[in-house]
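What follows is one structure encoded as structure tokens, with my remarks underneath.
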Amino acid sequence: MDKVKKLVRRELVENELLERAAELFAERGFNGTTLQDVADTVGLTRAALYHYFESKEALLTTLVEGISAARASELKTIRLDPALSANEKLARITRTMVINVTTQAARFRLLLQSENELPAELAARHARARRETLKQIVDLFEEGIASGEFKPVDPHIGAFALLGMCNWTAWWYKPDQNGPAEAVAAAITDVALAAFVRGGVAHAPPAGDLRATIGRMREDLAQLERITGSP
């Protein structure tokens with residue numbers, strides 16, 4: 001039992017250190033923050049902090065990999081789930097990204113503001129994770145368009161729009177003003193679905209509606225031709 005308590009306490013202290021470090025790095029920059037600064041925010045001596053992280057670089061590495069690499073892996077798992085439709089994947093990916101950002105806002109701000117300060121090896125790992133994240137979302141848009149579930153938008157533009165909408169919550173979301181993260185995630189998911197998912201018709205429409213539907217299909221085809229450069 002004592003061992004379990006120690007492990008729990010260690011995890012709590014590590015999480016607190018990571019959160020405070022993220023806030024300081026985002027506010028002052030990585031180079032403008034010292035380990036002593038981080039230790040002071042949680043009431044630890046610098047010597048005590050070494051029991052949790054051996055260096056400022058170790059703190060930064062944990063922060064970056066815990067966000068960028070974890071996100072890429074999670075989104076890939078969702079996109080490759082054969083039990084989900086493209087619409088369901090879009091909803092789940094959007095919700096996942098918003099929840100991750102709103103519950104770790106300081107860490108996301110740090111990551112987005114400090115990319116140019118990352119050590120070379122860590123910057124390379126972060127860049128790979130970013131590319132993988134973008135790839136998963138672009139692939140999802142391509143699949144959804146091909147299956148007829150999504151509107152015929154440019155997949156890269158759609159992916160960047162979705163990422164921007166989710167990531168921006170790191171700056172404006174405040175629990176006391178905007179409500180629970182789950183509610184915000186649900187609202188943004190509704191916006192994403194409304195923006196990208198094609199409306200379906202459950203039964204044969206009247207003749208007037210049918211003509212309108214054909215007109216929308218022609219507009220979609222013209223949009224696809226512009227995107228693909230088809231003559």
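Ordered as shown in the structure tokens, chains take letters A, B, and onward, while each chain numbers its residues from 1 and ligands are numbered from 1 in the order shown.
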Discussion item. Show me, as a list of chain:residue names, the residues that have an atom within 9 Å of range 15-25 of chain A when counting only C-alpha atoms, minus same-chain residues fewer than 4 positions from it.
Written reply: A:Arg10, A:Glu11, A:Gly29, A:Phe30, A:Asn31, A:Gly32, A:Thr33, A:Leu35, A:Asp37, A:Val38, A:Ala39, A:Thr41, A:Val42, A:Leu49, A:Tyr52, A:Lys56, A:Leu59, A:Leu60, A:Thr62, A:Leu63, A:Gln104, A:Ala106, A:Arg107, A:Phe108, A:Arg109, A:Leu110, A:Leu111, A:Gln113, A:Ser114
Just to be explicit: take each residue in the selection above, keep N, CA and C atoms, and write the result as an mmCIF file, in the first residue's frame.
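Wrote it out as again.cif, contents follow:
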```cif
data_model
loop_
_atom_site.group_PDB
_atom_site.id
_atom_site.type_symbol
_atom_site.label_atom_id
_atom_site.label_comp_id
_atom_site.auth_asym_id
_atom_site.auth_seq_id
_atom_site.Cartn_x
_atom_site.Cartn_y
_atom_site.Cartn_z
ATOM 1 N N ARG A 10 3.966 10.421 -6.689
ATOM 2 C CA ARG A 10 4.948 10.785 -7.709
ATOM 3 C C ARG A 10 4.253 11.255 -8.985
ATOM 4 N N GLU A 11 3.205 10.536 -9.386
ATOM 5 C CA GLU A 11 2.480 10.904 -10.600
ATOM 6 C C GLU A 11 1.823 12.272 -10.447
ATOM 7 N N GLY A 29 9.122 31.554 -22.560
ATOM 8 C CA GLY A 29 9.957 30.856 -23.526
ATOM 9 C C GLY A 29 10.811 29.811 -22.824
ATOM 10 N N PHE A 30 11.199 28.791 -23.569
ATOM 11 C CA PHE A 30 12.009 27.717 -22.981
ATOM 12 C C PHE A 30 13.342 28.248 -22.484
ATOM 13 N N ASN A 31 13.991 29.069 -23.313
ATOM 14 C CA ASN A 31 15.309 29.583 -22.938
ATOM 15 C C ASN A 31 15.240 30.588 -21.790
ATOM 16 N N GLY A 32 14.079 31.197 -21.606
ATOM 17 C CA GLY A 32 13.937 32.190 -20.549
ATOM 18 C C GLY A 32 13.469 31.620 -19.231
ATOM 19 N N THR A 33 13.343 30.319 -19.139
ATOM 20 C CA THR A 33 12.881 29.649 -17.912
ATOM 21 C C THR A 33 13.970 28.741 -17.374
ATOM 22 N N LEU A 35 15.204 25.747 -14.336
ATOM 23 C CA LEU A 35 14.649 24.691 -13.492
ATOM 24 C C LEU A 35 14.244 25.240 -12.130
ATOM 25 N N ASP A 37 13.030 28.138 -11.553
ATOM 26 C CA ASP A 37 11.719 28.780 -11.743
ATOM 27 C C ASP A 37 10.597 27.758 -11.605
ATOM 28 N N VAL A 38 10.784 26.611 -12.244
ATOM 29 C CA VAL A 38 9.768 25.553 -12.199
ATOM 30 C C VAL A 38 9.623 25.027 -10.776
ATOM 31 N N ALA A 39 10.760 24.771 -10.121
ATOM 32 C CA ALA A 39 10.724 24.258 -8.749
ATOM 33 C C ALA A 39 10.008 25.219 -7.810
ATOM 34 N N THR A 41 7.571 27.234 -8.383
ATOM 35 C CA THR A 41 6.110 27.297 -8.559
ATOM 36 C C THR A 41 5.378 26.200 -7.786
ATOM 37 N N VAL A 42 6.072 25.110 -7.472
ATOM 38 C CA VAL A 42 5.420 24.019 -6.736
ATOM 39 C C VAL A 42 6.013 23.832 -5.346
ATOM 40 N N LEU A 49 13.571 18.558 -7.201
ATOM 41 C CA LEU A 49 13.005 18.443 -8.545
ATOM 42 C C LEU A 49 13.736 17.385 -9.354
ATOM 43 N N TYR A 52 12.418 13.949 -10.011
ATOM 44 C CA TYR A 52 11.333 13.759 -10.966
ATOM 45 C C TYR A 52 11.795 13.968 -12.413
ATOM 46 N N LYS A 56 15.870 20.445 -17.608
ATOM 47 C CA LYS A 56 14.813 21.221 -18.258
ATOM 48 C C LYS A 56 14.431 20.574 -19.585
ATOM 49 N N LEU A 59 11.964 17.784 -19.068
ATOM 50 C CA LEU A 59 10.614 18.309 -18.896
ATOM 51 C C LEU A 59 9.974 18.624 -20.246
ATOM 52 N N LEU A 60 10.726 19.302 -21.082
ATOM 53 C CA LEU A 60 10.201 19.698 -22.386
ATOM 54 C C LEU A 60 9.898 18.480 -23.251
ATOM 55 N N THR A 62 9.083 15.455 -22.292
ATOM 56 C CA THR A 62 7.872 14.802 -21.790
ATOM 57 C C THR A 62 6.631 15.566 -22.222
ATOM 58 N N LEU A 63 6.694 16.888 -22.153
ATOM 59 C CA LEU A 63 5.557 17.712 -22.562
ATOM 60 C C LEU A 63 5.238 17.531 -24.046
ATOM 61 N N GLN A 104 -5.598 20.398 -21.478
ATOM 62 C CA GLN A 104 -4.148 20.620 -21.386
ATOM 63 C C GLN A 104 -3.776 21.908 -22.107
ATOM 64 N N ALA A 106 -2.447 24.837 -21.363
ATOM 65 C CA ALA A 106 -1.117 25.430 -21.206
ATOM 66 C C ALA A 106 -0.081 24.649 -21.998
ATOM 67 N N ARG A 107 -0.214 23.348 -22.023
ATOM 68 C CA ARG A 107 0.751 22.525 -22.747
ATOM 69 C C ARG A 107 0.643 22.745 -24.252
ATOM 70 N N PHE A 108 -0.582 22.881 -24.759
ATOM 71 C CA PHE A 108 -0.752 23.137 -26.181
ATOM 72 C C PHE A 108 -0.247 24.514 -26.562
ATOM 73 N N ARG A 109 -0.484 25.506 -25.718
ATOM 74 C CA ARG A 109 0.044 26.838 -26.014
ATOM 75 C C ARG A 109 1.564 26.811 -26.056
ATOM 76 N N LEU A 110 2.147 26.097 -25.102
ATOM 77 C CA LEU A 110 3.598 25.951 -25.089
ATOM 78 C C LEU A 110 4.086 25.355 -26.403
ATOM 79 N N LEU A 111 3.455 24.284 -26.814
ATOM 80 C CA LEU A 111 3.904 23.573 -28.001
ATOM 81 C C LEU A 111 3.806 24.447 -29.248
ATOM 82 N N GLN A 113 3.724 27.711 -29.386
ATOM 83 C CA GLN A 113 4.521 28.931 -29.309
ATOM 84 C C GLN A 113 6.024 28.674 -29.297
ATOM 85 N N SER A 114 6.431 27.461 -28.927
ATOM 86 C CA SER A 114 7.859 27.209 -28.686
ATOM 87 C C SER A 114 8.486 26.257 -29.691
#
```
Worksheet item: Could you pull out all residues of range 57-230 of chain A with a DSSP call of helix (DSSP H, G or I) and give them as number ranges by chain?
Response: A: 57-79, 86-103, 105-113, 115-117, 120-146, 155-167, 169-172, 175-178, 181-196, 207-228
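Atom pair CA of Thr94 in chain A / CA of Ala123 in chain A: separated by 25.1 Å.
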Item to complete: For each of A:Asn116, A:Gln136, A:Ser85, A:Thr103, take the minimum atom-to-atom distance to Ala170 in chain A, counting only C-alpha atoms, then give the residue where this is smallest.
Response: A:Thr103
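Proximity of A:Arg131, A:Thr169, A:Glu149, A:Leu84 to Ala194 in chain A, computed with only C-alpha atoms, is greatest for A:Glu149.
As for CA of His156 in chain A and CA of Ala195 in chain A, they are spaced 14.6 Å apart.
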Worksheet entry | Distance query range 171-181 of chain A at most 8 Å, only C-alpha atoms, self and fewer than 2 positions along chain excluded, as a ChimeraX atom specification | /A:98-99,102-103,105,109,168-169,183-185
Export of prior selection with N, CA, C and O atoms as a compact mmCIF listing (two decimals), in the first residue's frame:
```
# COMPACT_ATOMS: atom_id res chain seq x y z
N VAL A 98 -10.54 18.25 -29.19
CA VAL A 98 -10.99 19.35 -28.34
C VAL A 98 -10.81 19.03 -26.86
O VAL A 98 -10.33 19.87 -26.08
N ILE A 99 -11.15 17.82 -26.46
CA ILE A 99 -10.97 17.42 -25.06
C ILE A 99 -9.49 17.48 -24.69
O ILE A 99 -9.12 17.99 -23.62
N THR A 102 -8.46 21.32 -24.49
CA THR A 102 -9.07 22.09 -23.40
C THR A 102 -8.62 21.62 -22.03
O THR A 102 -8.59 22.41 -21.08
N THR A 103 -8.27 20.35 -21.90
CA THR A 103 -7.81 19.86 -20.60
C THR A 103 -6.30 20.01 -20.40
O THR A 103 -5.79 19.77 -19.31
N ALA A 105 -4.55 22.96 -21.86
CA ALA A 105 -4.42 24.18 -22.65
C ALA A 105 -3.02 24.78 -22.57
O ALA A 105 -2.45 25.19 -23.58
N ARG A 109 -0.48 25.51 -25.72
CA ARG A 109 0.04 26.84 -26.01
C ARG A 109 1.56 26.81 -26.06
O ARG A 109 2.18 27.42 -26.93
N TRP A 168 -7.43 26.12 -31.52
CA TRP A 168 -7.62 27.49 -31.04
C TRP A 168 -8.27 27.54 -29.67
O TRP A 168 -8.19 28.53 -28.96
N THR A 169 -8.95 26.46 -29.27
CA THR A 169 -9.57 26.43 -27.94
C THR A 169 -8.53 26.58 -26.83
O THR A 169 -8.88 26.98 -25.71
N ALA A 183 -18.98 19.65 -22.98
CA ALA A 183 -20.02 20.41 -23.67
C ALA A 183 -19.43 21.21 -24.83
O ALA A 183 -20.02 21.31 -25.91
N VAL A 184 -18.25 21.79 -24.60
CA VAL A 184 -17.58 22.54 -25.67
C VAL A 184 -17.19 21.58 -26.81
O VAL A 184 -17.36 21.91 -27.99
N ALA A 185 -16.68 20.41 -26.46
CA ALA A 185 -16.30 19.43 -27.47
C ALA A 185 -17.52 19.01 -28.29
O ALA A 185 -17.44 18.86 -29.52
```
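Taking only C-alpha atoms, the non-local environment of Ser73 in chain A within 10 Å (same-chain residues fewer than 6 positions away omitted) comprises Ala129, Glu132, Thr133 and Gln136 of chain A.
Atom pair CA of Ala58 in chain A / CA of Ala26 in chain A: separated by 16.2 Å.
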